[in-house]
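Everything on this sheet refers to the single structure shown next.
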Amino acid sequence: MREELFMAGLGGQGVNLAGQLIARAAMDAGLNVSWFPIYSPEVRGGSSTCTIVIADGRVGSPTSERPNSMVLMDSTSAERFAGEIADGGLLVINSSLIREVPRCEGCRLIEVPANEIAAEIGNERTVNMSLIGAWATGTGVLTVEDVARSLRAMLPERHHVHMPANEAALQRGAEIARSLA
């Protein structure tokens, strides 16, 4: 098994936190992982991307020319990167911010209204969690429970008060992915 996930969005949307969380959850599940973030730390709102390679064997290269899954959080990222997904890959988009569905012939598309879900939950910082929930369910690489368990381990104790909102967002994304299966 080898999963190459590419994530992109704007600085401040939690792209790299989401990537780090997926990498941690995969490691906690006994898989080999590489997490490769690229961002402009001095500019909030600038481009932010990361590649996570998950494998049950050696990872080899930490990058991917044609990832088999993508999570795209904003329209600029969708325009720029959607065409690079591998044939048959999984594309998860934040349909709250991506109004024009990117062309990805031969890919599976999951549209998650992540900003609306976060607003319903009452925590705007959970946008990335609903997208991760959809990705995890759509790929089957990790479960939502794997991700939630690793998030709890990653977060400082003082932030555990936000776990119910994060878990709710993960579940909402997973429900959307299941409804399309």
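Here's how to read the names in the structure tokens: chain A, B, ... by the order shown, residue numbers from 1 in each chain, ligand numbers from 1 in the order shown.
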
Discussion item. Report as a ChimeraX atom specification all protein, DNA and RNA residues lying within 7 Å of Leu31 (chain A), evaluated on only C-alpha atoms, omitting residues in the same chain fewer than 6 positions from it.
Written reply: /A:54-56

Worksheet entry | Residue set, region 4-171 of chain A restricted to strand (DSSP E or B), as a VMD selection string | chain A and resid 4 to 10 32 to 39 47 to 55 69 to 72 90 to 94 108 to 112

Could you write out that same residue set with C-alpha atoms as a JSON list (two decimals), in the first residue's frame?
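Below you can see selection_31.json, which holds the result:
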[["chain", "number", "residue", "atom", "x", "y", "z"],
["A", 4, "GLU", "CA", 0.39, 9.92, -1.86],
["A", 5, "LEU", "CA", -1.70, 12.79, -0.52],
["A", 6, "PHE", "CA", -1.23, 16.39, -1.61],
["A", 7, "MET", "CA", -2.94, 19.17, 0.34],
["A", 8, "ALA", "CA", -3.13, 22.85, -0.60],
["A", 9, "GLY", "CA", -4.79, 26.00, 0.62],
["A", 10, "LEU", "CA", -4.06, 29.37, 2.12],
["A", 32, "ASN", "CA", 5.70, 4.53, 7.34],
["A", 33, "VAL", "CA", 5.24, 8.22, 6.62],
["A", 34, "SER", "CA", 6.85, 11.25, 5.06],
["A", 35, "TRP", "CA", 5.40, 14.74, 5.58],
["A", 36, "PHE", "CA", 6.78, 17.51, 3.36],
["A", 37, "PRO", "CA", 5.34, 21.01, 4.01],
["A", 38, "ILE", "CA", 5.94, 24.08, 1.84],
["A", 39, "TYR", "CA", 4.71, 27.46, 3.04],
["A", 47, "SER", "CA", 0.11, 29.57, -0.42],
["A", 48, "SER", "CA", 0.50, 26.55, 1.82],
["A", 49, "THR", "CA", 0.96, 22.99, 0.61],
["A", 50, "CYS", "CA", 2.15, 19.67, 1.93],
["A", 51, "THR", "CA", 2.67, 16.19, 0.62],
["A", 52, "ILE", "CA", 2.15, 13.16, 2.85],
["A", 53, "VAL", "CA", 3.33, 9.79, 1.62],
["A", 54, "ILE", "CA", 2.00, 6.82, 3.59],
["A", 55, "ALA", "CA", 3.21, 3.28, 2.94],
["A", 69, "SER", "CA", -5.36, 11.83, -3.48],
["A", 70, "MET", "CA", -5.71, 15.57, -2.92],
["A", 71, "VAL", "CA", -7.39, 17.85, -0.42],
["A", 72, "LEU", "CA", -7.83, 21.35, -1.84],
["A", 90, "LEU", "CA", -9.59, 10.93, -4.89],
["A", 91, "LEU", "CA", -10.12, 14.69, -4.93],
["A", 92, "VAL", "CA", -11.63, 16.28, -1.80],
["A", 93, "ILE", "CA", -12.52, 19.96, -2.14],
["A", 94, "ASN", "CA", -13.86, 22.63, 0.17],
["A", 108, "ARG", "CA", -13.51, 10.51, -7.60],
["A", 109, "LEU", "CA", -14.72, 13.86, -6.29],
["A", 110, "ILE", "CA", -15.98, 14.62, -2.79],
["A", 111, "GLU", "CA", -17.35, 18.11, -2.28],
["A", 112, "VAL", "CA", -17.38, 19.11, 1.38]]

Practice prompt. Point out the residue among A:Gly30, A:Gly140, A:Pro67, A:Pro164 with the least atom-to-atom distance to Asn123 (chain A), counting only C-alpha atoms.
Written response: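 Closest to Asn123 (chain A) of all the choices is A:Pro164.
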
Worksheet entry | Best match for closeness to Gly46 (chain A) among A:Ser179, A:Ser77, A:Gln171, A:Asn166, counting only C-alpha atoms |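 Checking each candidate against Gly46 (chain A), we get A:Ser77 as the closest.
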
Response to the item:
CA of Leu180 (chain A) sits from CA of Asp87 (chain A) at a separation of 18.5 Å

Worksheet item: Which residues come within 7 Å of Asn128 (chain A), counting only C-alpha atoms, excluding same-chain residues fewer than 2 positions away, as a PyMOL selection string?
Response: chain A and resi 13-14+18+126+130-132

Residues of region 41-142 of chain A that have any atom at most 12 Å from an atom of region 157-163 of chain A: could you tabulate them with the shortest-distance atom pair and the distance in Å to one decimal, using only C-alpha atoms, ordered by chain and increasing number, as CSV?
residue,atom,partner,partner_atom,distance
A:Ile121,CA,A:His162,CA,10.9
A:Gly122,CA,A:His162,CA,10.6
A:Asn123,CA,A:His162,CA,8.5
A:Glu124,CA,A:His162,CA,11.2
A:Arg125,CA,A:His162,CA,9.5
A:Thr126,CA,A:His162,CA,9.2
A:Met129,CA,A:Met163,CA,10.8

Those residues you just picked out, can you put them in a file as a compact mmCIF listing (two decimals), in the first residue's frame with N, CA and C atoms?
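As written to disk, part_6.txt reads:
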# COMPACT_ATOMS: atom_id res chain seq x y z
N ILE A 121 -21.16 23.75 13.53
CA ILE A 121 -20.56 23.19 14.74
C ILE A 121 -20.26 24.29 15.74
N GLY A 122 -20.02 25.50 15.22
CA GLY A 122 -19.73 26.62 16.10
C GLY A 122 -18.24 26.83 16.35
N ASN A 123 -17.40 26.30 15.46
CA ASN A 123 -15.96 26.48 15.62
C ASN A 123 -15.33 26.58 14.24
N GLU A 124 -14.99 27.81 13.84
CA GLU A 124 -14.44 28.05 12.51
C GLU A 124 -13.09 27.38 12.26
N ARG A 125 -12.44 26.93 13.31
CA ARG A 125 -11.13 26.31 13.16
C ARG A 125 -11.22 24.82 12.82
N THR A 126 -12.44 24.31 12.60
CA THR A 126 -12.61 22.89 12.28
C THR A 126 -12.78 22.64 10.78
N MET A 129 -10.82 19.77 9.50
CA MET A 129 -11.19 18.46 10.05
C MET A 129 -12.27 17.77 9.21

Worksheet item: Could you pull the residues within 8 Å of Val144 (chain A), counting only C-alpha atoms, minus those fewer than 5 positions along the same chain, as number ranges by chain?
Response: A: 133, 136-137, 170-171, 174

Taking a cut-off of 10 Å and counting only C-alpha atoms, can you build a table that, for each residue of region 16-120 of chain A near region 151-156 of chain A, reports the nearest atom pair and how far apart they are in Å (one decimal), sorted by chain then residue number, as a tab-separated table?
residue	atom	partner	partner_atom	distance
A:Leu17	CA	A:Leu151	CA	9.9
A:Ala18	CA	A:Leu151	CA	9.6
A:Gln20	CA	A:Met154	CA	9.4
A:Leu21	CA	A:Leu151	CA	6.4
A:Ile22	CA	A:Leu151	CA	9.0
A:Arg24	CA	A:Met154	CA	8.2
A:Ala25	CA	A:Leu151	CA	7.9

Worksheet item: Looking at A:Ala118, A:Ala86, A:Ala177, A:Val127, which one is nearest to Thr139 (chain A), with distances taken over only C-alpha atoms?
Response: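 Using only C-alpha atoms, the shortest distance to Thr139 (chain A) belongs to A:Ala177.
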
Discussion item. So, with only C-alpha atoms as the atoms that count, which of A:Ile176, A:Leu142, A:Ile117, A:Ala169 lies closest to Ala29 (chain A)?
Written reply: A:Leu142

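Distance-wise, CA of Arg2 (chain A) and CA of Gly106 (chain A) end up 19.2 Å apart.
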